[in-house]
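structure24.cif, holding mmCIF, C-alpha atoms, pLDDT in the B column; chains and numbers go by the auth columns:
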```cif
data_target
#
loop_
_atom_site.group_PDB
_atom_site.id
_atom_site.type_symbol
_atom_site.label_atom_id
_atom_site.label_comp_id
_atom_site.label_asym_id
_atom_site.label_seq_id
_atom_site.Cartn_x
_atom_site.Cartn_y
_atom_site.Cartn_z
_atom_site.B_iso_or_equiv
_atom_site.auth_seq_id
_atom_site.auth_asym_id
ATOM 1 C CA ASP A 1 73.683 -61.981 33.657 84.00 1 A
ATOM 2 C CA PRO A 2 76.703 -59.932 34.794 78.00 2 A
ATOM 3 C CA ASP A 3 74.943 -58.940 38.012 82.00 3 A
ATOM 4 C CA LYS A 4 74.358 -62.576 39.020 88.00 4 A
ATOM 5 C CA ASP A 5 76.989 -64.662 37.238 90.00 5 A
ATOM 6 C CA PHE A 6 80.049 -62.817 38.506 89.00 6 A
ATOM 7 C CA ILE A 7 81.417 -61.595 41.780 89.00 7 A
ATOM 8 C CA ARG A 8 82.860 -58.131 41.301 88.00 8 A
ATOM 9 C CA GLU A 9 85.807 -56.929 43.317 90.00 9 A
ATOM 10 C CA LYS A 10 87.334 -53.460 43.318 93.00 10 A
ATOM 11 C CA LEU A 11 91.056 -54.107 43.489 95.00 11 A
ATOM 12 C CA SER A 12 94.141 -52.237 42.381 93.00 12 A
ATOM 13 C CA PRO A 13 96.052 -53.702 39.426 91.00 13 A
ATOM 14 C CA ALA A 14 98.715 -55.024 41.823 92.00 14 A
ATOM 15 C CA ASP A 15 96.113 -56.660 44.070 96.00 15 A
ATOM 16 C CA SER A 16 94.311 -58.056 41.016 95.00 16 A
ATOM 17 C CA GLY A 17 97.524 -59.631 39.759 94.00 17 A
ATOM 18 C CA ALA A 18 98.283 -61.110 43.180 95.00 18 A
ATOM 19 C CA ALA A 19 94.742 -62.503 43.453 96.00 19 A
ATOM 20 C CA MET A 20 95.080 -64.122 40.016 95.00 20 A
ATOM 21 C CA LYS A 21 98.386 -65.722 41.003 95.00 21 A
ATOM 22 C CA ASP A 22 96.734 -67.048 44.176 95.00 22 A
ATOM 23 C CA GLY A 23 93.838 -68.509 42.159 94.00 23 A
ATOM 24 C CA LYS A 24 91.330 -66.167 43.817 95.00 24 A
ATOM 25 C CA LEU A 25 90.516 -64.165 40.688 94.00 25 A
ATOM 26 C CA ASP A 26 89.808 -65.367 37.159 94.00 26 A
ATOM 27 C CA ALA A 27 90.023 -62.069 35.288 94.00 27 A
ATOM 28 C CA PHE A 28 90.333 -58.345 35.715 93.00 28 A
ATOM 29 C CA PHE A 29 89.667 -55.226 33.710 90.00 29 A
ATOM 30 C CA TRP A 30 92.153 -52.416 33.905 87.00 30 A
ATOM 31 C CA SER A 31 92.475 -49.174 32.037 85.00 31 A
ATOM 32 C CA GLY A 32 95.855 -47.584 32.306 81.00 32 A
ATOM 33 C CA ALA A 33 99.184 -47.055 30.676 78.00 33 A
ATOM 34 C CA VAL A 34 100.692 -49.868 28.630 84.00 34 A
ATOM 35 C CA PRO A 35 102.638 -51.701 29.851 87.00 35 A
ATOM 36 C CA THR A 36 101.169 -52.037 33.323 88.00 36 A
ATOM 37 C CA SER A 37 103.643 -53.580 35.777 90.00 37 A
ATOM 38 C CA SER A 38 101.131 -55.979 37.355 92.00 38 A
ATOM 39 C CA ILE A 39 100.325 -57.442 33.935 94.00 39 A
ATOM 40 C CA VAL A 40 104.031 -57.701 33.066 95.00 40 A
ATOM 41 C CA ASP A 41 104.490 -59.530 36.376 95.00 41 A
ATOM 42 C CA LEU A 42 101.706 -61.989 35.529 95.00 42 A
ATOM 43 C CA ALA A 43 103.039 -62.517 32.006 95.00 43 A
ATOM 44 C CA THR A 44 106.507 -63.342 33.353 96.00 44 A
ATOM 45 C CA THR A 45 105.387 -65.639 36.165 96.00 45 A
ATOM 46 C CA PRO A 46 106.694 -69.156 35.427 95.00 46 A
ATOM 47 C CA GLY A 47 103.864 -71.589 34.717 91.00 47 A
ATOM 48 C CA PHE A 48 101.292 -68.815 34.479 91.00 48 A
ATOM 49 C CA LYS A 49 99.750 -67.987 31.104 91.00 49 A
ATOM 50 C CA ILE A 50 97.583 -64.936 30.574 93.00 50 A
ATOM 51 C CA LYS A 51 95.210 -64.162 27.728 95.00 51 A
ATOM 52 C CA PHE A 52 94.132 -60.731 26.580 96.00 52 A
ATOM 53 C CA VAL A 53 90.440 -60.550 25.725 96.00 53 A
ATOM 54 C CA PRO A 54 89.702 -58.075 22.921 98.00 54 A
ATOM 55 C CA ILE A 55 87.044 -55.421 23.371 97.00 55 A
ATOM 56 C CA SER A 56 85.920 -54.757 19.828 97.00 56 A
ATOM 57 C CA GLY A 57 83.046 -54.750 17.386 96.00 57 A
ATOM 58 C CA GLU A 58 79.531 -54.289 18.705 97.00 58 A
ATOM 59 C CA ILE A 59 80.606 -54.404 22.357 96.00 59 A
ATOM 60 C CA ALA A 60 83.148 -51.600 21.896 96.00 60 A
ATOM 61 C CA ASP A 61 80.653 -49.606 19.833 95.00 61 A
ATOM 62 C CA LYS A 62 77.985 -49.868 22.559 96.00 62 A
ATOM 63 C CA ILE A 63 80.389 -48.715 25.265 94.00 63 A
ATOM 64 C CA ILE A 64 81.633 -45.801 23.163 90.00 64 A
ATOM 65 C CA GLN A 65 78.077 -44.848 22.215 90.00 65 A
ATOM 66 C CA LYS A 66 77.056 -44.825 25.885 90.00 66 A
ATOM 67 C CA TYR A 67 80.155 -42.858 26.975 85.00 67 A
ATOM 68 C CA PRO A 68 81.266 -40.922 23.864 77.00 68 A
ATOM 69 C CA ALA A 69 83.419 -38.383 25.678 72.00 69 A
ATOM 70 C CA VAL A 70 85.165 -41.054 27.725 81.00 70 A
ATOM 71 C CA PHE A 71 86.188 -44.034 25.566 85.00 71 A
ATOM 72 C CA HIS A 72 87.782 -44.503 22.168 84.00 72 A
ATOM 73 C CA LYS A 73 88.998 -47.528 20.206 88.00 73 A
ATOM 74 C CA THR A 74 92.657 -48.414 20.285 89.00 74 A
ATOM 75 C CA LYS A 75 94.969 -51.426 20.270 91.00 75 A
ATOM 76 C CA ILE A 76 97.421 -52.902 22.716 93.00 76 A
ATOM 77 C CA PRO A 77 100.410 -53.268 20.380 91.00 77 A
ATOM 78 C CA LYS A 78 102.018 -56.680 20.020 94.00 78 A
ATOM 79 C CA GLY A 79 105.157 -56.933 22.088 94.00 79 A
ATOM 80 C CA SER A 80 103.778 -54.621 24.781 92.00 80 A
ATOM 81 C CA TYR A 81 103.797 -57.579 27.152 95.00 81 A
ATOM 82 C CA PRO A 82 105.868 -60.771 27.186 95.00 82 A
ATOM 83 C CA GLY A 83 104.108 -63.331 24.997 94.00 83 A
ATOM 84 C CA LEU A 84 101.763 -60.831 23.327 96.00 84 A
ATOM 85 C CA GLU A 85 102.328 -61.732 19.686 96.00 85 A
ATOM 86 C CA GLU A 86 99.406 -59.871 18.065 97.00 86 A
ATOM 87 C CA ASP A 87 97.809 -56.469 18.486 96.00 87 A
ATOM 88 C CA VAL A 88 94.717 -56.659 20.707 97.00 88 A
ATOM 89 C CA ASP A 89 91.684 -54.498 19.941 97.00 89 A
ATOM 90 C CA THR A 90 90.448 -52.666 22.995 95.00 90 A
ATOM 91 C CA ILE A 91 89.008 -49.420 24.247 94.00 91 A
ATOM 92 C CA ALA A 92 90.802 -46.770 26.214 89.00 92 A
ATOM 93 C CA ILE A 93 89.846 -43.888 28.397 86.00 93 A
ATOM 94 C CA THR A 94 90.371 -40.529 26.813 74.00 94 A
ATOM 95 C CA ALA A 95 92.498 -38.369 29.073 77.00 95 A
ATOM 96 C CA VAL A 96 91.074 -34.894 29.460 79.00 96 A
ATOM 97 C CA ILE A 97 91.900 -31.729 31.298 88.00 97 A
ATOM 98 C CA ALA A 98 88.758 -30.611 33.079 89.00 98 A
ATOM 99 C CA VAL A 99 88.520 -27.023 34.259 94.00 99 A
ATOM 100 C CA MET A 100 85.757 -24.753 35.453 94.00 100 A
ATOM 101 C CA ASP A 101 84.243 -22.518 32.787 91.00 101 A
ATOM 102 C CA LYS A 102 85.706 -19.477 34.575 96.00 102 A
ATOM 103 C CA PHE A 103 89.258 -20.897 34.465 98.00 103 A
ATOM 104 C CA PRO A 104 91.485 -18.306 32.723 98.00 104 A
ATOM 105 C CA ALA A 105 91.717 -19.048 29.000 98.00 105 A
ATOM 106 C CA ASP A 106 95.340 -17.890 28.766 98.00 106 A
ATOM 107 C CA ARG A 107 96.364 -20.202 31.602 98.00 107 A
ATOM 108 C CA LEU A 108 94.669 -23.256 30.055 98.00 108 A
ATOM 109 C CA TYR A 109 96.200 -22.426 26.679 98.00 109 A
ATOM 110 C CA GLU A 110 99.662 -22.342 28.297 98.00 110 A
ATOM 111 C CA ILE A 111 99.067 -25.665 30.080 98.00 111 A
ATOM 112 C CA ILE A 112 98.019 -27.437 26.880 97.00 112 A
ATOM 113 C CA LYS A 113 100.831 -25.822 24.895 98.00 113 A
ATOM 114 C CA ALA A 114 103.358 -26.907 27.541 97.00 114 A
ATOM 115 C CA ILE A 115 102.147 -30.506 27.289 96.00 115 A
ATOM 116 C CA PHE A 116 102.740 -30.586 23.539 96.00 116 A
ATOM 117 C CA ASP A 117 105.937 -28.498 23.642 96.00 117 A
ATOM 118 C CA HIS A 118 107.420 -30.888 26.221 95.00 118 A
ATOM 119 C CA LYS A 119 105.975 -34.206 25.088 94.00 119 A
ATOM 120 C CA ASP A 120 109.465 -35.753 24.834 93.00 120 A
ATOM 121 C CA GLU A 121 109.945 -35.070 28.537 95.00 121 A
ATOM 122 C CA LEU A 122 106.474 -36.435 29.233 92.00 122 A
ATOM 123 C CA ALA A 123 107.391 -39.556 27.228 90.00 123 A
ATOM 124 C CA ALA A 124 110.216 -40.253 29.673 91.00 124 A
ATOM 125 C CA ALA A 125 107.506 -41.032 32.245 88.00 125 A
ATOM 126 C CA TRP A 126 104.741 -42.193 29.885 81.00 126 A
ATOM 127 C CA LYS A 127 105.993 -43.927 26.713 78.00 127 A
ATOM 128 C CA LYS A 128 102.782 -43.389 24.750 77.00 128 A
ATOM 129 C CA ALA A 129 103.267 -39.617 24.912 85.00 129 A
ATOM 130 C CA VAL A 130 105.450 -39.906 21.804 85.00 130 A
ATOM 131 C CA TYR A 131 102.243 -40.589 19.845 83.00 131 A
ATOM 132 C CA LEU A 132 100.426 -37.571 21.250 88.00 132 A
ATOM 133 C CA THR A 133 99.476 -34.988 18.639 92.00 133 A
ATOM 134 C CA PRO A 134 97.039 -32.090 18.754 95.00 134 A
ATOM 135 C CA GLU A 135 94.997 -33.838 16.041 93.00 135 A
ATOM 136 C CA LYS A 136 94.696 -37.081 18.010 87.00 136 A
ATOM 137 C CA ALA A 137 93.909 -35.223 21.223 88.00 137 A
ATOM 138 C CA TYR A 138 91.120 -33.279 19.539 89.00 138 A
ATOM 139 C CA VAL A 139 89.594 -36.261 17.724 82.00 139 A
ATOM 140 C CA GLN A 140 89.860 -38.653 20.673 77.00 140 A
ATOM 141 C CA ALA A 141 88.181 -36.166 22.976 77.00 141 A
ATOM 142 C CA GLY A 142 85.035 -37.101 21.094 72.00 142 A
ATOM 143 C CA GLU A 143 82.278 -35.044 19.576 76.00 143 A
ATOM 144 C CA GLU A 144 80.370 -34.776 22.853 74.00 144 A
ATOM 145 C CA ALA A 145 83.335 -33.362 24.789 78.00 145 A
ATOM 146 C CA ARG A 146 84.195 -30.949 21.969 84.00 146 A
ATOM 147 C CA LYS A 147 80.791 -29.285 22.457 84.00 147 A
ATOM 148 C CA TYR A 148 82.142 -27.948 25.757 87.00 148 A
ATOM 149 C CA LEU A 149 85.601 -26.927 24.582 92.00 149 A
ATOM 150 C CA HIS A 150 87.022 -24.209 26.815 96.00 150 A
ATOM 151 C CA PRO A 151 88.173 -21.017 25.016 97.00 151 A
ATOM 152 C CA GLY A 152 91.781 -21.693 26.065 98.00 152 A
ATOM 153 C CA ALA A 153 91.690 -25.157 24.502 96.00 153 A
ATOM 154 C CA GLU A 154 89.929 -23.807 21.424 96.00 154 A
ATOM 155 C CA ARG A 155 92.706 -21.237 20.972 98.00 155 A
ATOM 156 C CA PHE A 156 95.373 -23.947 21.224 98.00 156 A
ATOM 157 C CA PHE A 157 93.675 -26.236 18.695 97.00 157 A
ATOM 158 C CA LYS A 158 93.104 -23.334 16.280 98.00 158 A
ATOM 159 C CA GLU A 159 96.756 -22.292 16.471 98.00 159 A
ATOM 160 C CA ALA A 160 97.786 -25.932 15.984 97.00 160 A
ATOM 161 C CA GLY A 161 95.704 -25.990 12.782 97.00 161 A
ATOM 162 C CA VAL A 162 93.292 -28.622 14.068 96.00 162 A
ATOM 163 C CA ILE A 163 90.266 -26.322 14.173 96.00 163 A
ATOM 164 C CA LYS A 164 89.844 -24.415 10.929 91.00 164 A
ATOM 165 C CA GLY A 165 88.489 -20.890 10.814 74.00 165 A
#
```
Rendering of file as C-alpha coordinates:
Amino acid sequence: DPDKDFIREKLSPADSGAAMKDGKLDAFFWSGAVPTSSIVDLATTPGFKIKFVPISGEIADKIIQKYPAVFHKTKIPKGSYPGLEEDVDTIAITAVIAVMDKFPADRLYEIIKAIFDHKDELAAAWKKAVYLTPEKAYVQAGEEARKYLHPGAERFFKEAGVIKG
(Lines of atoms letter the chains of each structure in order from A and count residues from 1; the text may use other names and numbers.)
(Lines give C-alpha, C1' and ligand atoms only; values in the text may rest on other atoms or scores of the structure.)
Protein backbone atom coordinates (compact mmCIF):
# COMPACT_ATOMS: atom_id res chain seq x y z
CA ASP A 1 0.00 0.00 0.00
CA PRO A 2 1.78 3.17 -1.18
CA ASP A 3 0.09 5.24 1.52
CA LYS A 4 1.41 3.00 4.31
CA ASP A 5 4.52 1.27 2.98
CA PHE A 6 6.45 4.39 1.98
CA ILE A 7 7.39 7.69 3.50
CA ARG A 8 6.95 10.41 0.90
CA GLU A 9 9.16 13.46 0.86
CA LYS A 10 8.84 16.50 -1.38
CA LEU A 11 12.42 17.35 -2.26
CA SER A 12 14.12 19.07 -5.17
CA PRO A 13 16.19 16.86 -7.48
CA ALA A 14 19.38 18.21 -5.88
CA ASP A 15 18.11 17.50 -2.36
CA SER A 16 16.90 14.06 -3.46
CA GLY A 17 20.33 13.21 -4.84
CA ALA A 18 22.04 14.43 -1.67
CA ALA A 19 19.63 12.41 0.50
CA MET A 20 20.35 9.28 -1.56
CA LYS A 21 24.10 9.79 -1.17
CA ASP A 22 23.61 10.18 2.59
CA GLY A 23 21.57 6.95 2.74
CA LYS A 24 18.43 8.83 3.81
CA LEU A 25 16.45 8.15 0.63
CA ASP A 26 16.05 4.93 -1.33
CA ALA A 27 14.48 6.29 -4.51
CA PHE A 28 13.02 9.37 -6.11
CA PHE A 29 10.76 10.23 -8.99
CA TRP A 30 11.61 13.21 -11.10
CA SER A 31 10.16 14.57 -14.29
CA GLY A 32 12.39 17.00 -16.07
CA ALA A 33 14.88 17.51 -18.81
CA VAL A 34 17.33 14.73 -19.60
CA PRO A 35 20.03 14.76 -18.43
CA THR A 36 19.25 16.11 -14.98
CA SER A 37 22.39 17.26 -13.16
CA SER A 38 21.50 15.63 -9.83
CA ILE A 39 21.15 12.25 -11.54
CA VAL A 40 24.42 12.76 -13.43
CA ASP A 41 26.03 13.55 -10.07
CA LEU A 42 24.68 10.33 -8.54
CA ALA A 43 25.74 8.28 -11.56
CA THR A 44 29.30 9.62 -11.33
CA THR A 45 29.70 9.26 -7.57
CA PRO A 46 32.44 6.68 -6.90
CA GLY A 47 31.05 3.55 -5.26
CA PHE A 48 27.46 4.58 -5.88
CA LYS A 49 25.38 2.66 -8.42
CA ILE A 50 21.98 3.86 -9.56
CA LYS A 51 19.25 1.94 -11.35
CA PHE A 52 16.56 3.41 -13.56
CA VAL A 53 13.17 1.81 -13.01
CA PRO A 54 11.06 1.70 -16.18
CA ILE A 55 7.52 3.03 -16.17
CA SER A 56 5.87 1.03 -18.91
CA GLY A 57 3.11 -1.38 -19.83
CA GLU A 58 -0.05 -1.41 -17.75
CA ILE A 59 1.31 1.05 -15.17
CA ALA A 60 2.15 3.66 -17.82
CA ASP A 61 -1.18 3.06 -19.55
CA LYS A 62 -3.12 3.62 -16.30
CA ILE A 63 -1.29 6.87 -15.57
CA ILE A 64 -1.80 8.15 -19.12
CA GLN A 65 -5.46 7.11 -19.06
CA LYS A 66 -6.00 8.99 -15.79
CA TYR A 67 -4.11 12.10 -17.00
CA PRO A 68 -4.38 12.02 -20.82
CA ALA A 69 -3.52 15.66 -21.39
CA VAL A 70 -0.52 15.51 -19.08
CA PHE A 71 1.58 12.38 -19.70
CA HIS A 72 2.85 10.53 -22.74
CA LYS A 73 5.16 7.55 -23.26
CA THR A 74 8.78 8.15 -24.07
CA LYS A 75 12.23 6.70 -23.43
CA ILE A 76 15.33 7.89 -21.64
CA PRO A 77 17.88 7.21 -24.39
CA LYS A 78 20.87 5.03 -23.58
CA GLY A 79 23.94 7.12 -22.94
CA SER A 80 21.90 9.97 -21.44
CA TYR A 81 23.57 9.23 -18.11
CA PRO A 82 26.90 7.60 -17.26
CA GLY A 83 26.36 3.84 -17.12
CA LEU A 84 22.95 3.90 -18.83
CA GLU A 85 23.51 1.25 -21.48
CA GLU A 86 19.91 0.67 -22.64
CA ASP A 87 16.94 2.88 -23.40
CA VAL A 88 14.55 3.06 -20.43
CA ASP A 89 10.79 3.18 -21.01
CA THR A 90 9.15 5.94 -19.04
CA ILE A 91 6.47 8.59 -19.12
CA ALA A 92 6.97 12.29 -19.50
CA ILE A 93 4.99 15.39 -18.83
CA THR A 94 3.69 17.06 -21.93
CA ALA A 95 4.75 20.69 -21.95
CA VAL A 96 1.89 23.00 -22.83
CA ILE A 97 1.29 26.68 -23.22
CA ALA A 98 -1.81 27.53 -21.23
CA VAL A 99 -3.61 30.78 -21.96
CA MET A 100 -6.98 32.24 -21.14
CA ASP A 101 -9.64 31.78 -23.81
CA LYS A 102 -9.63 35.55 -24.40
CA PHE A 103 -5.86 35.62 -25.07
CA PRO A 104 -5.32 37.20 -28.52
CA ALA A 105 -5.14 34.51 -31.20
CA ASP A 106 -2.55 36.40 -33.25
CA ARG A 107 -0.27 36.75 -30.23
CA LEU A 108 -0.45 33.03 -29.35
CA TYR A 109 0.15 32.12 -32.99
CA GLU A 110 3.30 34.29 -32.98
CA ILE A 111 4.54 32.74 -29.73
CA ILE A 112 4.15 29.18 -31.03
CA LYS A 113 5.64 30.10 -34.40
CA ALA A 114 8.63 31.72 -32.67
CA ILE A 115 9.26 28.54 -30.68
CA PHE A 116 9.44 26.44 -33.83
CA ASP A 117 11.25 29.08 -35.91
CA HIS A 118 13.94 29.36 -33.22
CA LYS A 119 14.14 25.78 -31.98
CA ASP A 120 17.90 25.65 -32.68
CA GLU A 121 18.37 28.52 -30.24
CA LEU A 122 16.05 26.80 -27.77
CA ALA A 123 18.14 23.62 -28.17
CA ALA A 124 21.18 25.51 -26.89
CA ALA A 125 19.45 25.58 -23.50
CA TRP A 126 17.34 22.42 -23.81
CA LYS A 127 18.95 19.66 -25.93
CA LYS A 128 15.69 17.82 -26.61
CA ALA A 129 14.33 20.84 -28.50
CA VAL A 130 16.07 19.48 -31.61
CA TYR A 131 13.39 16.76 -31.69
CA LEU A 132 10.51 19.20 -31.40
CA THR A 133 8.19 19.21 -34.40
CA PRO A 134 4.69 20.60 -34.85
CA GLU A 135 3.47 17.03 -35.42
CA LYS A 136 4.94 15.74 -32.16
CA ALA A 137 3.69 18.76 -30.24
CA TYR A 138 0.16 18.25 -31.53
CA VAL A 139 0.07 14.49 -30.96
CA GLN A 140 1.73 14.59 -27.54
CA ALA A 141 -0.69 17.23 -26.33
CA GLY A 142 -3.18 14.39 -26.24
CA GLU A 143 -6.72 14.08 -27.47
CA GLU A 144 -8.19 15.61 -24.31
CA ALA A 145 -6.07 18.77 -24.53
CA ARG A 146 -6.75 19.13 -28.26
CA LYS A 147 -10.47 19.52 -27.47
CA TYR A 148 -9.59 22.91 -25.98
CA LEU A 149 -7.18 24.09 -28.66
CA HIS A 150 -7.00 27.88 -28.72
CA PRO A 151 -7.70 29.52 -32.13
CA GLY A 152 -4.12 30.84 -32.25
CA ALA A 153 -2.71 27.34 -31.77
CA GLU A 154 -5.19 25.91 -34.24
CA ARG A 155 -4.04 28.43 -36.86
CA PHE A 156 -0.39 27.48 -36.28
CA PHE A 157 -1.04 23.73 -36.56
CA LYS A 158 -3.16 24.22 -39.70
CA GLU A 159 -0.45 26.30 -41.37
CA ALA A 160 2.14 23.68 -40.34
CA GLY A 161 0.02 21.04 -42.11
CA VAL A 162 -0.70 19.09 -38.94
CA ILE A 163 -4.43 19.84 -38.90
CA LYS A 164 -6.03 19.15 -42.26
CA GLY A 165 -8.91 21.21 -43.59
Self-check item: Selection: 9 Å around Ala69 in chain A, only C-alpha atoms, excl. self and same-chain fewer than 5 positions, as number ranges by chain
Solution: A: 64, 93-94, 140-146
Quiz item: Expanded to explicit residues, what is the PyMOL selection byres ((chain A and resi 24-28) around 12) for this file, as a PyMOL selection string?
Solution: chain A and resi 6-23+29-31+38-39+42+49-53
Generate the output file for the selected residues, C-alpha atoms, as a CSV table (one decimal), in the frame of the given file.
```
chain,number,residue,atom,x,y,z
A,6,PHE,CA,80.0,-62.8,38.5
A,7,ILE,CA,81.4,-61.6,41.8
A,8,ARG,CA,82.9,-58.1,41.3
A,9,GLU,CA,85.8,-56.9,43.3
A,10,LYS,CA,87.3,-53.5,43.3
A,11,LEU,CA,91.1,-54.1,43.5
A,12,SER,CA,94.1,-52.2,42.4
A,13,PRO,CA,96.1,-53.7,39.4
A,14,ALA,CA,98.7,-55.0,41.8
A,15,ASP,CA,96.1,-56.7,44.1
A,16,SER,CA,94.3,-58.1,41.0
A,17,GLY,CA,97.5,-59.6,39.8
A,18,ALA,CA,98.3,-61.1,43.2
A,19,ALA,CA,94.7,-62.5,43.5
A,20,MET,CA,95.1,-64.1,40.0
A,21,LYS,CA,98.4,-65.7,41.0
A,22,ASP,CA,96.7,-67.0,44.2
A,23,GLY,CA,93.8,-68.5,42.2
A,29,PHE,CA,89.7,-55.2,33.7
A,30,TRP,CA,92.2,-52.4,33.9
A,31,SER,CA,92.5,-49.2,32.0
A,38,SER,CA,101.1,-56.0,37.4
A,39,ILE,CA,100.3,-57.4,33.9
A,42,LEU,CA,101.7,-62.0,35.5
A,49,LYS,CA,99.8,-68.0,31.1
A,50,ILE,CA,97.6,-64.9,30.6
A,51,LYS,CA,95.2,-64.2,27.7
A,52,PHE,CA,94.1,-60.7,26.6
A,53,VAL,CA,90.4,-60.6,25.7
```
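Minimum distance to Pro54 in chain A across A:Val70, A:Val40, A:Val88, A:Leu108 (counting only C-alpha atoms) occurs at A:Val88.
The shell of residues at most 8 Å from range 110-121 of chain A, with all atoms listed in the file counted and near chain neighbours (fewer than 2 positions) removed, consists of Asp106, Arg107, Leu108, Ala123, Ala124, Ala125, Ala129, Val130, Leu132, Thr133, Pro134, Ala153 and Phe156 of chain A.
The spacing separating CA of Lys62 in chain A from CA of Asp5 in chain A amounts to 20.9 Å.
Shortest atom-to-atom contact with Val34 in chain A among A:Ile59, A:Leu149, A:Ile76, A:Ile163: A:Ile76, counting only C-alpha atoms.
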Quiz prompt | Nearby residues, (91.4, -30.5, 17.5) file frame, 7 Å, all atoms listed in the file, as a PyMOL selection string | solution = chain A and resi 134-135+137-139+157+162-163
With the PyMOL selection byres ((chain A and resi 33) around 10) as the selection, what would be picked from this file? Answer as an mmCIF file with C-alpha atoms, keeping the file's coordinate frame, please.
```cif
data_model
loop_
_atom_site.group_PDB
_atom_site.id
_atom_site.type_symbol
_atom_site.label_atom_id
_atom_site.label_comp_id
_atom_site.auth_asym_id
_atom_site.auth_seq_id
_atom_site.Cartn_x
_atom_site.Cartn_y
_atom_site.Cartn_z
ATOM 1 C CA TRP A 30 92.153 -52.416 33.905
ATOM 2 C CA SER A 31 92.475 -49.174 32.037
ATOM 3 C CA GLY A 32 95.855 -47.584 32.306
ATOM 4 C CA VAL A 34 100.692 -49.868 28.630
ATOM 5 C CA PRO A 35 102.638 -51.701 29.851
ATOM 6 C CA THR A 36 101.169 -52.037 33.323
ATOM 7 C CA SER A 37 103.643 -53.580 35.777
ATOM 8 C CA ALA A 92 90.802 -46.770 26.214
ATOM 9 C CA TRP A 126 104.741 -42.193 29.885
ATOM 10 C CA LYS A 127 105.993 -43.927 26.713
ATOM 11 C CA LYS A 128 102.782 -43.389 24.750
#
```
